[in-house]
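Remarks on the structure that follows.
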Amino acid sequence: MFAIEVGQELRDSLARAGIPALFSNFVLLPLSQPGKILSDSPSLGWAQLIRASCLSVHGSLATAVKIAAAMEALAAGLDILDEIEDSDHSPFVLSAGLPQALNASTALIFLSQRIVSELREIGVDPTLVVDCFFTLARLGLNATHGQHKDLSTDARSGISLDAALQITSEKSGSLAACACRLGARLGTAEPEILQLYEQFGQHYGTMVQLSNDLHDAQNDVQKTDLARAKPTLPVLFYVRQLGSGTMQELTTKDVINSGALHFAWTIFEMQRKRCLSILDELDERDQMTAHIRSIIGQSRNQEHTVDE
Amino acid sequence: MNPKGYGGIEVWRLFFGSVLSGSRFCRKDLLHSAERREESRSLLKWEGAQVELQNIEAAVRRLFSDSEFRSTAIANPEAAFAAMDLRSDEQEALSKLCARLAIGEEVGASPMGIWF
């Protein structure tokens, strides 16, 4: 239900902006890909993080729908850029072509700003609106910094494991931190509470990215992690075994046999524990974290074995 | 900042603090100091820029290169990892990994995310 409302908000905002249906449909196409908010079966995502954080602080769900729409639009815009930057397989980029895909990304980022700015028109406190803009800008910039470091180094460069985890945390943790803080801000302005929600999101986003990295290290057909020697934890773990200057081809089989997936899984597990410990801290501060805990539970259920 | 530096300062404070106050070391002081050191390492690891993954890397590499160690770790992870300089959260995660290895379960993941 929440996902449907968020999808409707995305469509309505474009309509209110006077954008013709043809372009609106094109701009929203990336959000209709499998698992995205406008698809038939939306997966764990930004909207759910915002909704859960908002419910934890007894915030307004009507406002959360709009904030979630803004976050989905921003993330979809950045996702297109990421696929292009990483040269990953992207049905949208393939079908639209590079110039149009880049333009759709630009439109989604502006759509995100428009949705937040429209909050004033439904009577939302202007201070809250400014806070939302600042949070999106601050943590969005952090994400692009992480992405910059991710693109400008590779696993053969001698980068440390700690630095690689820091990149993961910045480029992915920052956006989840943004979603959690935005959701919580709808019910509280208490700095320490907001900081805890942000920290939770940072670790949750890092955990999810590690899950993606584990998957991508085993999927060298659609993902370029191994071919590009991306500085993800599983790839880096294997490269460090070979020696950082190695030019040896990286294969999925060797990565698996090296223990790289087990190493990354261990860090994943530590991030998950840290998430739970932050939720405990929030509980001690009278926050209702049941909805967020259910997201962690769902995340755990999505773990699979290599053989699957 | 170097978390080990924090540890050094803590030992210095504990030693000279107790000398100056005329008290002797006691188990409670040492435990308290260890807890605080653990806490400061955790904070630095998770909420600051500096993190340390080398210890976990070493443990996992040994699990995959030393079959005897692997068997010991699966049977008794606490004992196997005791000699390594691991924090409690690191040890706990590695013990869970050993539990998976014990039942022959590989690790992996479906993509959870919808981002990068």
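Following the order of the structure tokens, chains are lettered A, B, ..., residues in each are numbered from 1, and ligands are numbered from 1.
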
- request: Using DSSP on the backbone coordinates, identify the residues of region 64-218 of chain A assigned to alpha helix (DSSP H); present them as a ChimeraX atom specification.
  value: /A:64-86,91-96,98-117,126-151,161-168,174-185,191-217

task: May I have the residues within 7 Å of region 237-240 of chain A as a VMD selection string, using only C-alpha atoms and disregarding those fewer than 3 positions away in the same chain?
output: chain A and resid 155 to 156 233 to 234 243 to 244 255 258 260

field: Test item: residues at most 12 Å from region 100-102 of chain B, only C-alpha atoms, excluding those fewer than 6 positions along its chain, as a ChimeraX atom specification
entry: /A:259,262,265-266,305 /B:60,63-64,70-77,93-94,108

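CA of Leu136 (chain A) is found 18.7 Å from CA of Ile167 (chain A).
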
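Atom to atom, CA of Ala3 (chain A) and CA of Asp86 (chain A) stand 28.4 Å apart.
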
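With only C-alpha atoms as the atoms that count, the residue of A:Ala189, A:Ala70, A:Leu28, A:Val130 with the shortest distance to Phe92 (chain A) is A:Leu28.
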
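Distances to chain A were evaluated for B:Asp85, B:Glu90, B:Ala80, B:Glu68 using only C-alpha atoms, and the minimum falls at B:Glu90.
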
All residues 12 Å or closer to Ser277 (chain A), only C-alpha atoms, same chain fewer than 3 positions away omitted, as a PDB file with N, CA and C atoms, in the first residue's frame:
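Printed below is result-v3.pdb as written:
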```pdb
ATOM      1  N   LEU A 196      21.417   8.684  15.775  1.00  0.00           N
ATOM      2  CA  LEU A 196      21.343   7.222  15.897  1.00  0.00           C
ATOM      3  C   LEU A 196      20.652   6.598  14.681  1.00  0.00           C
ATOM      4  N   TYR A 197      19.581   7.231  14.225  1.00  0.00           N
ATOM      5  CA  TYR A 197      18.916   6.708  13.018  1.00  0.00           C
ATOM      6  C   TYR A 197      19.871   6.768  11.826  1.00  0.00           C
ATOM      7  N   GLN A 199      23.142   6.675  11.931  1.00  0.00           N
ATOM      8  CA  GLN A 199      24.180   5.641  12.096  1.00  0.00           C
ATOM      9  C   GLN A 199      23.623   4.256  11.744  1.00  0.00           C
ATOM     10  N   PHE A 200      22.394   4.025  12.171  1.00  0.00           N
ATOM     11  CA  PHE A 200      21.779   2.739  11.816  1.00  0.00           C
ATOM     12  C   PHE A 200      21.758   2.587  10.288  1.00  0.00           C
ATOM     13  N   HIS A 203      25.129   1.748   8.675  1.00  0.00           N
ATOM     14  CA  HIS A 203      25.524   0.339   8.789  1.00  0.00           C
ATOM     15  C   HIS A 203      24.610  -0.564   7.969  1.00  0.00           C
ATOM     16  N   TYR A 204      23.324  -0.231   7.937  1.00  0.00           N
ATOM     17  CA  TYR A 204      22.393  -1.051   7.162  1.00  0.00           C
ATOM     18  C   TYR A 204      22.751  -0.982   5.676  1.00  0.00           C
ATOM     19  N   MET A 270      28.960  -8.600  11.081  1.00  0.00           N
ATOM     20  CA  MET A 270      29.307  -7.589  12.081  1.00  0.00           C
ATOM     21  C   MET A 270      28.490  -6.311  11.892  1.00  0.00           C
ATOM     22  N   GLN A 271      28.266  -5.959  10.643  1.00  0.00           N
ATOM     23  CA  GLN A 271      27.442  -4.773  10.376  1.00  0.00           C
ATOM     24  C   GLN A 271      26.010  -5.014  10.863  1.00  0.00           C
ATOM     25  N   ARG A 272      25.521  -6.229  10.631  1.00  0.00           N
ATOM     26  CA  ARG A 272      24.160  -6.550  11.072  1.00  0.00           C
ATOM     27  C   ARG A 272      24.035  -6.455  12.590  1.00  0.00           C
ATOM     28  N   LYS A 273      25.053  -6.962  13.283  1.00  0.00           N
ATOM     29  CA  LYS A 273      25.043  -6.887  14.748  1.00  0.00           C
ATOM     30  C   LYS A 273      25.080  -5.439  15.219  1.00  0.00           C
ATOM     31  N   ARG A 274      25.875  -4.634  14.517  1.00  0.00           N
ATOM     32  CA  ARG A 274      25.971  -3.226  14.896  1.00  0.00           C
ATOM     33  C   ARG A 274      24.615  -2.531  14.689  1.00  0.00           C
ATOM     34  N   ASP A 280      18.892  -1.262  19.711  1.00  0.00           N
ATOM     35  CA  ASP A 280      18.743  -1.395  21.172  1.00  0.00           C
ATOM     36  C   ASP A 280      18.880  -0.030  21.851  1.00  0.00           C
ATOM     37  N   GLU A 281      19.861   0.745  21.383  1.00  0.00           N
ATOM     38  CA  GLU A 281      20.031   2.094  21.943  1.00  0.00           C
ATOM     39  C   GLU A 281      18.794   2.948  21.695  1.00  0.00           C
ATOM     40  N   LEU A 282      18.218   2.812  20.522  1.00  0.00           N
ATOM     41  CA  LEU A 282      17.009   3.592  20.217  1.00  0.00           C
ATOM     42  C   LEU A 282      15.839   3.143  21.092  1.00  0.00           C
ATOM     43  N   ASP A 283      15.750   1.830  21.339  1.00  0.00           N
ATOM     44  CA  ASP A 283      14.693   1.330  22.223  1.00  0.00           C
ATOM     45  C   ASP A 283      14.815   1.943  23.617  1.00  0.00           C
ATOM     46  N   GLU A 284      16.067   2.057  24.078  1.00  0.00           N
ATOM     47  CA  GLU A 284      16.295   2.644  25.403  1.00  0.00           C
ATOM     48  C   GLU A 284      15.850   4.104  25.456  1.00  0.00           C
ATOM     49  N   THR A 289      11.061   0.561  17.512  1.00  0.00           N
ATOM     50  CA  THR A 289      11.878   0.121  16.375  1.00  0.00           C
ATOM     51  C   THR A 289      11.403  -1.187  15.727  1.00  0.00           C
ATOM     52  N   ARG A 293      13.245  -3.314  12.803  1.00  0.00           N
ATOM     53  CA  ARG A 293      13.758  -4.674  13.079  1.00  0.00           C
ATOM     54  C   ARG A 293      13.204  -5.676  12.070  1.00  0.00           C
TER      55      ARG A 293
ATOM     56  N   SER B  42      35.646   0.073  19.597  1.00  0.00           N
ATOM     57  CA  SER B  42      34.401  -0.091  18.863  1.00  0.00           C
ATOM     58  C   SER B  42      33.955   1.224  18.245  1.00  0.00           C
ATOM     59  N   TRP B  46      33.513   1.743  14.287  1.00  0.00           N
ATOM     60  CA  TRP B  46      32.226   1.847  13.619  1.00  0.00           C
ATOM     61  C   TRP B  46      31.796   3.268  13.314  1.00  0.00           C
ATOM     62  N   ASP B  89      33.073  -8.631  19.119  1.00  0.00           N
ATOM     63  CA  ASP B  89      32.154  -8.698  17.975  1.00  0.00           C
ATOM     64  C   ASP B  89      32.802  -9.431  16.795  1.00  0.00           C
TER      65      ASP B  89
END
```

message: Give me the residues near Ala107 (chain A) as JSON, numbers by chain, where near means some atom within 9 Å (using only C-alpha atoms) and where sequence neighbours in that chain fewer than 5 positions away do not count.
response: {"A": [27, 73, 77, 102, 112]}

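In this comparison, which uses only C-alpha atoms, the residue of A:Leu279, A:Ala227, A:Leu108, A:Ile37 approaching chain B most closely is A:Ile37.
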